[in-house]
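Shown next: work_31.cif, given as mmCIF, C-alpha atoms.
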data_query
#
loop_
_atom_site.label_atom_id
_atom_site.label_comp_id
_atom_site.auth_asym_id
_atom_site.auth_seq_id
_atom_site.Cartn_x
_atom_site.Cartn_y
_atom_site.Cartn_z
CA MET M 964 3.80 137.64 281.13
CA ASN M 965 7.18 136.32 282.36
CA ALA M 966 7.24 138.84 285.18
CA ASP M 967 3.84 137.57 286.25
CA TYR M 968 5.12 133.97 286.39
CA VAL M 969 8.21 135.03 288.35
CA ALA M 970 6.05 136.93 290.83
CA ARG M 971 3.75 133.90 291.27
CA ALA M 972 6.73 131.58 291.67
CA ARG M 973 8.17 133.88 294.32
CA GLN M 974 4.82 133.97 296.12
CA SER M 975 4.63 130.16 296.08
CA ALA M 976 8.22 129.83 297.27
CA GLY M 977 7.50 132.24 300.10
CA ARG M 978 4.35 130.34 301.08
CA LEU M 979 6.24 127.03 300.94
CA GLU M 980 8.98 128.44 303.17
CA ARG M 981 6.41 129.65 305.69
CA ALA M 982 4.49 126.35 305.56
CA LEU M 983 7.72 124.41 306.19
CA ALA M 984 8.84 126.74 308.98
CA PHE M 985 5.57 126.90 310.92
CA PRO M 986 5.82 123.43 312.59
CA PHE M 987 9.21 124.42 314.05
CA SER M 988 7.91 127.62 315.67
CA SER M 989 7.18 126.07 319.08
CA THR M 990 8.22 123.03 321.10
CA THR M 991 4.71 121.54 320.99
CA ARG M 992 4.58 121.85 317.21
CA ILE M 993 8.06 120.34 316.84
CA LEU M 994 7.03 117.38 319.00
CA GLY M 995 3.76 117.00 317.10
CA THR M 996 5.62 117.05 313.78
CA LEU M 997 8.14 114.46 314.97
CA VAL M 998 5.43 112.14 316.33
CA ILE M 999 3.37 112.32 313.13
CA ALA M 1000 6.50 111.87 310.99
CA ALA M 1001 7.52 108.84 313.09
CA VAL M 1002 4.05 107.28 312.83
CA THR M 1003 4.04 107.91 309.06
CA PHE M 1004 7.49 106.34 308.74
CA VAL M 1005 6.36 103.25 310.67
CA VAL M 1006 3.23 102.89 308.51
CA LEU M 1007 5.28 103.29 305.32
CA ILE M 1008 7.84 100.71 306.42
CA LEU M 1009 5.22 98.17 307.60
CA SER M 1010 3.31 98.64 304.35
CA THR M 1011 6.34 97.63 302.27
CA PHE M 1012 5.55 94.01 303.22
CA PRO M 1013 2.01 93.97 304.62
CA SER M 1014 1.55 90.21 304.81
CA MET M 1015 4.73 89.80 306.85
CA SER M 1016 3.82 92.75 309.11
CA VAL M 1017 0.41 91.22 309.79
CA GLN M 1018 1.90 87.79 310.55
CA MET M 1019 4.65 89.14 312.82
CA LEU M 1020 2.43 91.55 314.75
CA GLY M 1021 -0.34 88.95 314.87
CA ALA M 1022 2.11 86.63 316.64
CA GLY M 1023 2.59 89.26 319.34
CA LEU M 1024 3.30 92.96 319.69
CA HIS M 1025 6.74 92.10 321.12
CA TRP M 1026 7.75 91.45 317.50
CA PHE M 1027 7.14 95.11 316.62
CA ASP M 1028 10.77 96.25 316.87
CA ASP M 1029 12.07 93.19 314.98
CA THR M 1030 9.51 93.77 312.24
CA LEU M 1031 10.42 97.44 311.93
CA ILE M 1032 14.17 96.80 311.82
CA LEU M 1033 13.88 93.85 309.40
CA LEU M 1034 11.65 95.76 307.01
CA THR M 1035 13.79 98.91 307.22
CA GLN M 1036 16.89 96.90 306.34
CA ASN M 1037 14.97 95.20 303.52
CA THR M 1038 13.79 98.57 302.21
CA VAL M 1039 17.36 99.90 302.10
CA ALA M 1040 18.59 96.70 300.43
CA THR M 1041 15.78 96.85 297.85
CA VAL M 1042 15.54 100.54 296.96
CA GLY M 1043 18.93 101.80 298.16
CA TYR M 1044 19.75 104.83 300.28
CA SER M 1045 18.13 107.24 297.80
CA GLY M 1046 14.75 105.46 297.91
CA PHE M 1047 14.96 105.20 301.70
CA ALA M 1048 15.84 108.91 301.98
CA LEU M 1049 12.75 109.75 299.90
CA MET M 1050 10.59 107.72 302.32
CA VAL M 1051 12.08 109.57 305.31
CA LEU M 1052 11.57 112.89 303.53
CA TYR M 1053 7.97 112.00 302.77
CA ALA M 1054 7.36 111.07 306.43
CA GLY M 1055 8.84 114.40 307.56
CA LEU M 1056 6.76 116.39 305.06
CA THR M 1057 3.63 114.55 306.17
CA GLY M 1058 4.36 115.59 309.76
CA ILE M 1059 4.70 119.21 308.61
CA ALA M 1060 1.54 119.10 306.47
CA VAL M 1061 -0.58 117.58 309.24
CA VAL M 1062 0.59 120.14 311.83
CA ASP M 1063 -0.09 122.95 309.33
CA THR M 1064 -3.56 121.56 308.58
CA VAL M 1065 -4.45 121.22 312.26
CA ALA M 1066 -3.28 124.80 312.90
CA SER M 1067 -5.26 126.04 309.91
CA VAL M 1068 -8.43 124.39 311.16
CA ARG M 1069 -7.84 125.81 314.66
CA VAL M 1070 -7.27 129.35 313.39
CA ASP M 1071 -10.03 129.51 310.81
CA GLY M 1072 -12.38 126.81 312.01
CA VAL M 1073 -13.76 124.03 309.89
CA SER M 1074 -15.53 126.59 307.73
CA ASN M 1075 -12.27 127.43 305.98
CA VAL M 1076 -12.57 124.54 303.60
CA SER M 1077 -10.26 125.93 300.96
CA ASP M 1078 -7.09 125.10 302.92
CA ALA M 1079 -8.45 121.84 304.29
CA THR M 1080 -9.55 120.63 300.88
CA GLY M 1081 -6.22 121.80 299.52
CA VAL M 1082 -4.06 119.83 301.92
CA VAL M 1083 -6.09 116.70 302.67
CA PRO M 1084 -6.32 115.49 299.05
CA GLY M 1085 -2.61 116.24 298.75
CA LEU M 1086 -1.89 114.04 301.74
CA LEU M 1087 -4.00 111.24 300.35
CA ALA M 1088 -2.62 111.49 296.82
CA SER M 1089 1.02 111.68 297.80
CA GLY M 1090 0.43 109.00 300.42
CA CYS M 1091 -0.65 106.61 297.69
CA ALA M 1092 2.29 107.61 295.53
CA SER M 1093 4.87 107.42 298.30
CA CYS M 1094 3.80 104.17 299.87
CA GLY M 1095 3.44 102.56 296.47
CA ALA M 1096 5.29 99.57 297.85
CA GLY M 1097 2.57 99.01 300.39
CA VAL M 1098 -0.27 99.51 297.97
CA LEU M 1099 1.33 97.12 295.50
CA GLY M 1100 2.01 94.69 298.33
CA LEU M 1101 -1.61 94.77 299.39
CA LEU M 1102 -2.55 94.04 295.80
CA GLY M 1103 -0.26 91.03 295.79
CA PHE M 1104 2.73 92.59 294.00
CA ALA M 1105 5.21 93.00 296.86
CA GLY M 1106 8.23 92.67 294.59
CA ALA M 1107 6.86 94.82 291.80
CA LEU M 1108 8.28 98.12 293.03
CA ALA M 1109 11.84 96.87 292.62
CA ALA M 1110 10.99 96.09 288.99
CA LEU M 1111 9.78 99.65 288.30
CA PRO M 1112 12.15 102.18 286.68
CA PHE M 1113 14.56 103.56 289.31
CA HIS M 1114 13.10 101.00 291.77
CA GLY M 1115 10.00 103.15 292.25
CA ASP M 1116 11.97 106.30 293.13
CA LEU M 1117 10.10 108.27 290.46
CA LEU M 1118 6.82 107.30 292.09
CA ARG M 1119 8.09 108.40 295.50
CA LEU M 1120 9.52 111.63 294.10
CA GLY M 1121 6.19 112.36 292.43
CA GLY M 1122 4.41 111.96 295.76
CA ILE M 1123 6.84 114.30 297.48
CA LEU M 1124 6.50 116.96 294.75
CA LEU M 1125 2.73 116.70 295.04
CA LEU M 1126 2.94 117.22 298.79
CA LEU M 1127 5.32 120.18 298.38
CA GLY M 1128 2.89 121.65 295.84
CA PHE M 1129 0.02 121.51 298.30
CA LEU M 1130 2.17 123.01 301.07
CA ALA M 1131 3.17 125.85 298.70
CA ARG M 1132 -0.51 126.46 298.07
CA ALA M 1133 -1.43 126.46 301.77
CA GLY M 1134 1.42 128.61 303.18
CA ASP M 1135 1.50 129.70 306.83
CA PRO M 1136 -1.73 128.42 308.41
CA ARG M 1137 -2.04 131.59 310.51
CA ARG M 1138 -2.20 133.83 307.43
CA CYS M 1139 -5.20 134.46 305.23
CA ARG M 1140 -4.76 134.09 301.50
CA LEU M 1141 -6.07 136.95 299.41
CA ASP M 1142 -5.47 135.54 295.91
CA VAL W 171 6.41 134.72 312.10
CA PRO W 172 8.41 131.57 312.94
CA ASN W 173 11.54 132.09 314.96
CA ARG W 174 14.53 131.22 312.72
CA ARG W 175 16.57 130.05 315.70
CA THR W 176 13.86 127.53 316.59
CA VAL W 177 13.73 126.39 313.00
CA VAL W 178 17.49 125.78 312.89
CA LEU W 179 17.52 124.03 316.28
CA GLY W 180 14.56 121.88 315.26
CA GLY W 181 16.32 120.95 312.02
CA ILE W 182 19.56 120.05 313.79
CA GLY W 183 17.64 117.98 316.36
CA ALA W 184 15.79 116.08 313.66
CA ALA W 185 19.03 115.47 311.74
CA LEU W 186 20.80 114.16 314.87
CA PHE W 187 17.82 111.91 315.64
CA GLY W 188 17.93 110.55 312.10
CA VAL W 189 21.69 109.95 312.14
CA ALA W 190 21.49 108.21 315.53
CA GLY W 191 18.62 106.02 314.37
CA TRP W 192 20.34 105.14 311.14
CA ASN W 193 23.57 104.33 312.94
CA THR W 194 21.67 101.93 315.19
CA LEU W 195 20.02 100.26 312.22
CA SER W 196 23.13 99.96 310.11
CA ASN W 197 25.02 98.47 313.06
CA GLY W 198 22.34 95.79 313.38
CA SER W 199 23.99 92.57 312.33
CA LEU W 200 22.75 91.01 309.11
CA THR W 201 24.45 87.81 310.14
CA ASP W 202 23.33 86.92 313.62
CA ALA W 203 25.42 83.80 313.54
CA GLY W 204 28.45 85.55 312.10
CA GLU W 205 31.09 84.47 314.61
CA GLU W 206 31.86 81.10 313.07
CA GLN W 207 34.95 80.57 310.98
CA PRO W 208 34.28 79.80 307.30
CA ASP W 209 34.97 76.30 306.06
CA GLU W 210 36.07 76.43 302.43
CA ASP W 211 34.38 73.13 301.46
CA ALA W 212 31.06 73.80 303.18
CA PRO W 213 28.44 76.06 301.63
CA SER W 214 28.52 79.45 303.27
CA ILE W 215 26.87 82.82 303.05
CA SER W 216 28.89 85.89 303.98
CA GLY W 217 31.48 83.61 305.56
CA VAL W 218 28.94 81.76 307.72
CA SER W 219 29.19 78.01 307.06
CA ILE W 220 25.99 76.09 306.49
CA PRO W 221 26.16 72.72 308.29
CA ASP W 222 26.55 69.59 306.20
CA VAL W 223 22.99 68.66 305.26
CA ARG W 224 21.71 66.01 302.89
CA LEU W 225 20.58 67.20 299.44
CA TYR W 226 18.72 64.97 297.04
CA ALA W 227 16.24 64.86 294.18
CA THR W 228 12.92 63.07 294.01
CA ALA W 229 10.19 62.50 291.47
CA ALA W 230 7.54 62.46 294.20
CA THR W 231 4.47 64.62 294.54
CA THR W 232 3.20 65.77 297.94
CA PRO W 233 -0.18 64.52 299.27
CA PHE W 234 -1.64 67.91 298.34
CA GLY W 235 -0.34 67.82 294.77
CA LEU W 236 2.91 69.79 294.89
CA ASP W 237 5.29 68.43 292.25
CA LEU W 238 8.78 68.03 293.72
CA ALA W 239 10.52 66.82 290.56
CA GLY W 240 13.39 69.12 289.62
CA THR W 241 13.44 70.77 293.03
CA PRO W 242 16.40 70.39 295.41
CA LEU W 243 15.40 68.87 298.75
CA VAL W 244 17.39 69.41 301.94
CA GLY W 245 17.05 67.07 304.92
CA ALA W 246 15.57 63.68 305.77
CA ASP W 247 12.83 62.34 303.50
CA ASP W 248 10.85 61.12 306.54
CA ALA W 249 10.98 64.47 308.36
CA GLU W 250 8.06 65.38 310.61
CA VAL W 251 7.66 68.78 308.99
CA ASN W 252 8.23 69.81 305.39
CA ILE W 253 9.02 73.43 304.62
CA TYR W 254 8.36 74.39 301.00
CA TYR W 255 10.41 77.52 300.40
CA TRP W 256 9.83 79.83 297.41
CA GLY W 257 12.70 82.25 296.85
CA ASP W 258 14.25 84.63 294.32
CA TYR W 259 18.00 85.11 293.95
CA GLN W 260 17.44 88.85 293.46
CA CYS W 261 15.36 89.26 296.60
CA PRO W 262 17.31 90.91 299.47
CA PHE W 263 14.92 89.41 302.00
CA CYS W 264 15.70 85.90 300.70
CA LYS W 265 19.37 86.62 301.33
CA ARG W 266 18.43 87.70 304.83
CA PHE W 267 16.57 84.41 305.37
CA GLU W 268 19.51 82.38 304.03
CA GLN W 269 21.93 84.21 306.31
CA ASN W 270 19.88 83.82 309.46
CA ALA W 271 16.89 81.50 309.86
CA PHE W 272 18.01 79.01 307.19
CA HIS W 273 21.38 78.67 308.86
CA GLU W 274 19.72 77.99 312.21
CA LEU W 275 17.19 75.56 310.72
CA ALA W 276 19.98 73.65 308.94
CA ARG W 277 22.00 73.47 312.15
CA LYS W 278 19.04 72.34 314.29
CA GLN W 279 15.79 71.00 312.81
CA ILE W 280 17.21 69.87 309.45
CA ALA W 281 20.31 68.33 311.02
CA ASP W 282 18.26 66.33 313.58
CA GLY W 283 15.78 65.12 310.93
CA THR W 284 12.75 67.10 312.13
CA VAL W 285 12.51 69.28 309.04
CA ARG W 286 12.98 68.79 305.33
CA MET W 287 13.09 71.80 303.04
CA ALA W 288 12.28 72.05 299.33
CA LEU W 289 13.96 74.93 297.50
CA PHE W 290 11.47 76.28 294.93
CA GLN W 291 11.99 79.29 292.70
CA TYR W 292 9.59 82.25 292.62
CA PRO W 293 11.05 84.82 290.18
CA ASN W 294 9.37 87.98 291.35
CA ILE W 295 11.56 90.99 290.69
CA GLY W 296 12.43 90.99 287.01
CA GLU W 297 13.89 89.09 284.06
CA ALA W 298 17.18 88.55 285.90
CA SER W 299 15.25 86.63 288.57
CA VAL W 300 14.00 84.25 285.87
CA THR W 301 17.54 83.88 284.48
CA ALA W 302 19.01 83.14 287.92
CA GLY W 303 16.20 80.71 288.75
CA ALA W 304 16.58 78.83 285.44
CA LEU W 305 20.35 78.69 285.78
CA SER W 306 19.96 77.30 289.30
CA ARG W 307 17.97 74.45 287.80
CA ALA W 308 20.76 73.84 285.26
CA VAL W 309 23.23 73.64 288.15
CA TRP W 310 20.92 71.22 289.98
CA ARG W 311 20.50 69.00 286.89
CA VAL W 312 24.28 68.76 286.55
CA ALA W 313 25.07 68.30 290.24
CA ARG W 314 22.16 66.26 291.63
CA GLU W 315 23.43 62.78 290.73
CA GLU W 316 27.15 63.01 291.44
CA ASN W 317 27.59 65.88 293.84
CA PRO W 318 24.31 67.39 295.12
CA GLN W 319 26.10 69.32 297.89
CA ALA W 320 27.76 71.41 295.18
CA PHE W 321 24.37 72.89 294.35
CA LEU W 322 24.08 74.39 297.84
CA ARG W 323 27.58 75.83 297.50
CA TRP W 324 26.57 77.54 294.23
CA HIS W 325 23.21 78.63 295.67
CA SER W 326 24.90 80.19 298.72
CA ALA W 327 27.65 81.79 296.62
CA VAL W 328 25.03 83.50 294.42
CA PHE W 329 23.36 85.04 297.47
CA ASP W 330 26.81 86.17 298.56
CA ILE W 331 27.30 88.25 295.41
CA GLN W 332 23.76 89.63 295.46
CA GLU W 333 23.48 93.34 294.74
CA LYS W 334 20.57 95.73 294.26
CA PRO W 335 17.77 94.04 292.24
CA ASN W 336 17.96 94.43 288.44
CA SER W 337 21.34 96.16 288.62
CA GLY W 338 22.94 93.65 286.24
CA TRP W 339 24.71 91.48 288.80
CA ALA W 340 22.62 88.35 287.98
CA SER W 341 23.65 87.95 284.33
CA VAL W 342 24.24 84.50 282.82
CA ASP W 343 27.97 85.25 282.62
CA ALA W 344 28.17 86.31 286.27
CA LEU W 345 26.23 83.24 287.45
CA LEU W 346 28.38 80.91 285.33
CA SER W 347 31.44 82.61 286.77
CA VAL W 348 30.15 81.63 290.24
CA ALA W 349 29.81 78.04 288.98
CA ARG W 350 33.47 78.10 287.87
CA GLN W 351 34.59 79.30 291.28
CA VAL W 352 32.54 76.86 293.37
CA SER W 353 34.11 73.47 294.02
CA GLY W 354 32.28 70.42 292.69
CA VAL W 355 30.29 72.21 289.96
CA ASP W 356 31.09 71.36 286.34
CA ALA W 357 30.63 74.87 284.94
CA ALA W 358 31.01 73.77 281.31
CA ALA W 359 28.25 71.20 281.76
CA VAL W 360 26.05 73.81 283.45
CA GLU W 361 26.58 76.21 280.52
CA ARG W 362 25.69 73.48 278.00
CA THR W 363 22.63 72.42 280.00
CA TYR W 364 21.42 76.01 280.29
CA THR W 365 22.03 76.88 276.63
CA ASP W 366 20.39 73.69 275.32
CA ASN W 367 17.37 73.84 277.65
CA GLU W 368 16.85 77.52 278.40
CA ARG W 369 13.19 77.55 277.41
CA VAL W 370 12.39 74.34 279.27
CA LEU W 371 14.19 75.52 282.40
CA LYS W 372 12.42 78.88 282.38
CA SER W 373 9.11 77.12 281.90
CA ALA W 374 9.90 74.85 284.86
CA ILE W 375 10.63 77.92 287.00
CA ASP W 376 7.35 79.42 285.91
CA ASP W 377 5.59 76.21 286.98
CA GLU W 378 7.27 76.37 290.38
CA LYS W 379 5.99 79.91 290.83
CA SER W 380 2.49 78.89 289.73
CA GLN W 381 2.49 76.03 292.22
CA GLY W 382 3.36 78.51 294.97
CA ARG W 383 0.71 81.01 293.91
CA ALA W 384 -1.91 78.27 293.88
CA ARG W 385 -1.05 77.66 297.53
CA GLY W 386 -1.22 81.27 298.68
CA ILE W 387 2.40 82.33 298.21
CA ASP W 388 2.47 85.89 296.81
CA ALA W 389 5.85 87.27 297.90
CA THR W 390 9.41 86.14 298.51
CA PRO W 391 10.61 84.54 300.59
CA GLY W 392 7.42 82.56 301.08
CA PHE W 393 7.08 79.33 303.05
CA LEU W 394 4.51 76.60 303.38
CA LEU W 395 4.96 74.40 306.46
CA HIS W 396 3.25 71.01 306.34
CA SER W 397 3.17 68.05 308.64
CA PRO W 398 2.51 64.79 306.72
CA LYS W 399 1.48 63.20 310.04
CA THR W 400 -1.11 65.72 311.25
CA GLY W 401 -1.93 67.20 307.84
CA SER W 402 -1.57 70.64 309.39
CA MET W 403 -0.40 73.44 307.13
CA VAL W 404 0.66 77.06 307.71
CA THR W 405 2.33 79.79 305.64
CA ILE W 406 5.10 82.16 306.67
CA THR W 407 5.82 85.26 304.62
CA GLY W 408 9.11 87.18 304.61
CA ALA W 409 12.45 86.69 306.30
CA GLN W 410 11.02 86.27 309.76
CA PRO W 411 13.39 85.47 312.64
CA TYR W 412 14.34 81.85 313.37
CA GLU W 413 12.22 81.90 316.55
CA ARG W 414 9.08 82.45 314.47
CA PHE W 415 9.94 79.41 312.31
CA GLU W 416 10.68 77.38 315.42
CA ALA W 417 7.28 78.30 316.93
CA GLU W 418 5.37 77.51 313.73
CA ILE W 419 7.22 74.18 313.27
CA GLU W 420 6.13 73.16 316.76
CA ALA W 421 2.57 74.34 316.09
CA VAL W 422 2.36 72.33 312.86
CA ARG W 423 3.74 69.22 314.59
CA GLU W 424 1.24 69.39 317.43
CA ARG W 425 -1.88 70.67 315.67
#
Would you mind giving the structure from this file in structure tokens?
Amino acid sequence: MNADYVARARQSAGRLERALAFPFSSTTRILGTLVIAAVTFVVLILSTFPSMSVQMLGAGLHWFDDTLILLTQNTVATVGYSGFALMVLYAGLTGIAVVDTVASVRVDGVSNVSDATGVVPGLLASGCASCGAGVLGLLGFAGALAALPFHGDLLRLGGILLLLGFLARAGDPRRCRLD
Amino acid sequence: VPNRRTVVLGGIGAALFGVAGWNTLSNGSLTDAGEEQPDEDAPSISGVSIPDVRLYATAATTPFGLDLAGTPLVGADDAEVNIYYWGDYQCPFCKRFEQNAFHELARKQIADGTVRMALFQYPNIGEASVTAGALSRAVWRVAREENPQAFLRWHSAVFDIQEKPNSGWASVDALLSVARQVSGVDAAAVERTYTDNERVLKSAIDDEKSQGRARGIDATPGFLLHSPKTGSMVTITGAQPYERFEAEIEAVRER
């Protein structure tokens, strides 16, 4: 029984390693990962204070850099370096997951729904968990995350673990799963 | 199979990008106006003096029903634009506003009589926010008749010692300790006022928050700009740069 668990854990760890490594296997994939991670980071940061983001960007797109810097500094001041690091980690993992998903769809076509349905819900679920600040902000509770235990870090960590779990399930998008 | 060399190079590149970006951000000044020398008697935040501005109390209510009793007012009572500011001593973004846009507004529009600002409380982050807000009202009750400027010194000094929200920095003892260190504040009287009226003061803070919510304020810092002359009204959310306040003040004046 234990040996079976160990073997499954090793399989998952191997698949996770391959899923994490795949986006760094070519320059195009690296660039794609970085672009998606950057876009995710920007969305996460802007969603920490949606009403301010809307007002600033509504006043002109030239306020974009000010908005991003102000909200990044506010995020660090509110949740600390650990919370900020979790947001950066989440953005990076999202970049990896999206590149893996795109590759999976390209290799197997849209008919391979098992991987697509495995990763997409993971992205959505962990997205909600990780950008909790934004969701709460949209609901009118912009300051609520700071009042949560560990300033919402548990929520962010949960989102990241969920995303890692789905990556471990998907593995290298170029390989077929037999289990 | 992914090339390990590419993986390592990609990782190093991403790390360097992150470090460079972070370095840029952390070097960004939190105090844009930080070159001035501190004046020990003037209120200051992070060593940046706030210009001498008039503080006073009123029992008035605004034309749209906002009760100003118990709220510190900064600036001329016949100002063209009123800014109703809802803040939280635990909110890092409020500190950012106080360090930057508030300083500029005090130096320009408040100093020349264009703008008057009302300092409301909007405890939003936890119980310590309520404590700090209520204690601020105890300080105001003690200082408003004899030495209203002392309130701004205490207010600024509290933002100066601000730490991560709900980390214990905003305890009653810590806030009273600030009152002892700030010139012109009778700390013993503040302690008595707070102890004897804690429930009333917390209820007053709750009312201030409710008044803000009823007018569309749902986060801190939140601002309502109103021109008594034109009747025009606009909200600003968050610690937006001074230039955004300047533009909205002009818009409210002319609309």
Across W:Gly235, W:Pro293, W:Pro262, W:Gly354, the smallest distance to chain M, with only C-alpha atoms counted, is shown by W:Pro262
At what distance in Å, to one decimal, does CA of Arg978 (chain M) lie from CA of Leu1124 (chain M)?
->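 Taking CA of Leu1124 (chain M) and CA of Arg978 (chain M), their separation equals 15.0 Å.
Residues captured in this structure file are Leu225, Tyr226, Ala227, Gly240, Thr241, Pro242, Ala304, Leu305, Ser306, Arg307, Ala308, Glu315, Glu316, Asn317, Pro318, Gln319, Ala320, Phe321, Trp324, Ala349, Gly354, Val355, Asp356, Ala357, Ala359, Val360, Glu361, Thr363 and Tyr364 of chain W, according to the PyMOL selection byres ((chain W and resi 309-314) around 9).
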Starting from the shown file, work through the PyMOL selection byres ((chain M and resi 1017) around 12) and note down what comes out as a PyMOL selection string.
-> (chain M and resi 1009-1016+1018-1024+1026-1027+1030-1031+1101) or (chain W and resi 406-408+410)
For C-alpha atoms, I'd like the residues from the last selection saved as a compact mmCIF listing (two decimals), in the coordinates of the input.
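Written file, part02.txt:
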# COMPACT_ATOMS: atom_id res chain seq x y z
CA LEU M 1009 5.22 98.17 307.60
CA SER M 1010 3.31 98.64 304.35
CA THR M 1011 6.34 97.63 302.27
CA PHE M 1012 5.55 94.01 303.22
CA PRO M 1013 2.01 93.97 304.62
CA SER M 1014 1.55 90.21 304.81
CA MET M 1015 4.73 89.80 306.85
CA SER M 1016 3.82 92.75 309.11
CA GLN M 1018 1.90 87.79 310.55
CA MET M 1019 4.65 89.14 312.82
CA LEU M 1020 2.43 91.55 314.75
CA GLY M 1021 -0.34 88.95 314.87
CA ALA M 1022 2.11 86.63 316.64
CA GLY M 1023 2.59 89.26 319.34
CA LEU M 1024 3.30 92.96 319.69
CA TRP M 1026 7.75 91.45 317.50
CA PHE M 1027 7.14 95.11 316.62
CA THR M 1030 9.51 93.77 312.24
CA LEU M 1031 10.42 97.44 311.93
CA LEU M 1101 -1.61 94.77 299.39
CA ILE W 406 5.10 82.16 306.67
CA THR W 407 5.82 85.26 304.62
CA GLY W 408 9.11 87.18 304.61
CA GLN W 410 11.02 86.27 309.76
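Residue nearest Glu420 (chain W) within the list W:Val285, W:Lys265, W:Val370, W:Gln260: W:Val285 [criterion: smallest interatomic distance, all atoms listed in the file].
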CA of Val251 (chain W) to CA of Thr284 (chain W), distance in Å rounded to a single decimal = 6.2 Å
Residue nearest chain M - candidates W:Cys264, W:Ala374, W:Leu346, W:Ala246, atoms counted: all atoms listed in the file =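 Of the candidates, the smallest distance to chain M is held by W:Cys264.
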Can you translate the PyMOL selection byres ((chain M and resi 969-976) around 10) into the concrete residues it hits in this file, as a PDB file with C-alpha atoms, keeping the file's coordinate frame?
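Produced file out06.pdb, reproduced below:
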ATOM      1  CA  MET M 964       3.800 137.640 281.130  1.00  0.00           C
ATOM      2  CA  ASN M 965       7.180 136.320 282.360  1.00  0.00           C
ATOM      3  CA  ALA M 966       7.240 138.840 285.180  1.00  0.00           C
ATOM      4  CA  ASP M 967       3.840 137.570 286.250  1.00  0.00           C
ATOM      5  CA  TYR M 968       5.120 133.970 286.390  1.00  0.00           C
ATOM      6  CA  GLY M 977       7.500 132.240 300.100  1.00  0.00           C
ATOM      7  CA  ARG M 978       4.350 130.340 301.080  1.00  0.00           C
ATOM      8  CA  LEU M 979       6.240 127.030 300.940  1.00  0.00           C
ATOM      9  CA  GLU M 980       8.980 128.440 303.170  1.00  0.00           C
ATOM     10  CA  ARG M 981       6.410 129.650 305.690  1.00  0.00           C
ATOM     11  CA  ALA M 982       4.490 126.350 305.560  1.00  0.00           C
ATOM     12  CA  GLY M1128       2.890 121.650 295.840  1.00  0.00           C
ATOM     13  CA  LEU M1130       2.170 123.010 301.070  1.00  0.00           C
ATOM     14  CA  ALA M1131       3.170 125.850 298.700  1.00  0.00           C
ATOM     15  CA  ARG M1132      -0.510 126.460 298.070  1.00  0.00           C
ATOM     16  CA  ALA M1133      -1.430 126.460 301.770  1.00  0.00           C
ATOM     17  CA  GLY M1134       1.420 128.610 303.180  1.00  0.00           C
TER      18      GLY M1134
END
Restricting to all atoms listed in the file, whichever of W:Tyr255, W:Phe329, W:Phe263, W:Phe234 is closest to chain M is W:Phe263
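Taking only C-alpha atoms into account, the protein, DNA and RNA residues within 9 Å of (2.9, 66.2, 307.7) read W:Ala249, W:Glu250, W:Val251, W:Asn252, W:Leu395, W:His396, W:Ser397, W:Pro398, W:Lys399, W:Thr400, W:Gly401, W:Ser402, W:Met403, W:Val422, W:Arg423.
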Shell around region 1036-1049 of chain M at 7 Å using all atoms listed in the file, local window under 4 positions removed, as a PyMOL selection string | (chain M and resi 1032+1053+1109+1114+1116+1119-1120) or (chain W and resi 262-263+334-335)
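Comparing the minimum interatomic distances between chain M and each of W:Ala281, W:Arg323, W:Val244, W:Arg414, counting all atoms listed in the file, we find that W:Arg414 sits nearest.
Proximity to Gly392 (chain W) was assessed for W:Ser353, W:Asn270, W:Asn294, W:Gln332 counting all atoms listed in the file; the smallest distance is recorded for W:Asn294.
Between CA of Glu368 (chain W) and CA of Leu238 (chain W) lies a distance of 19.7 Å.
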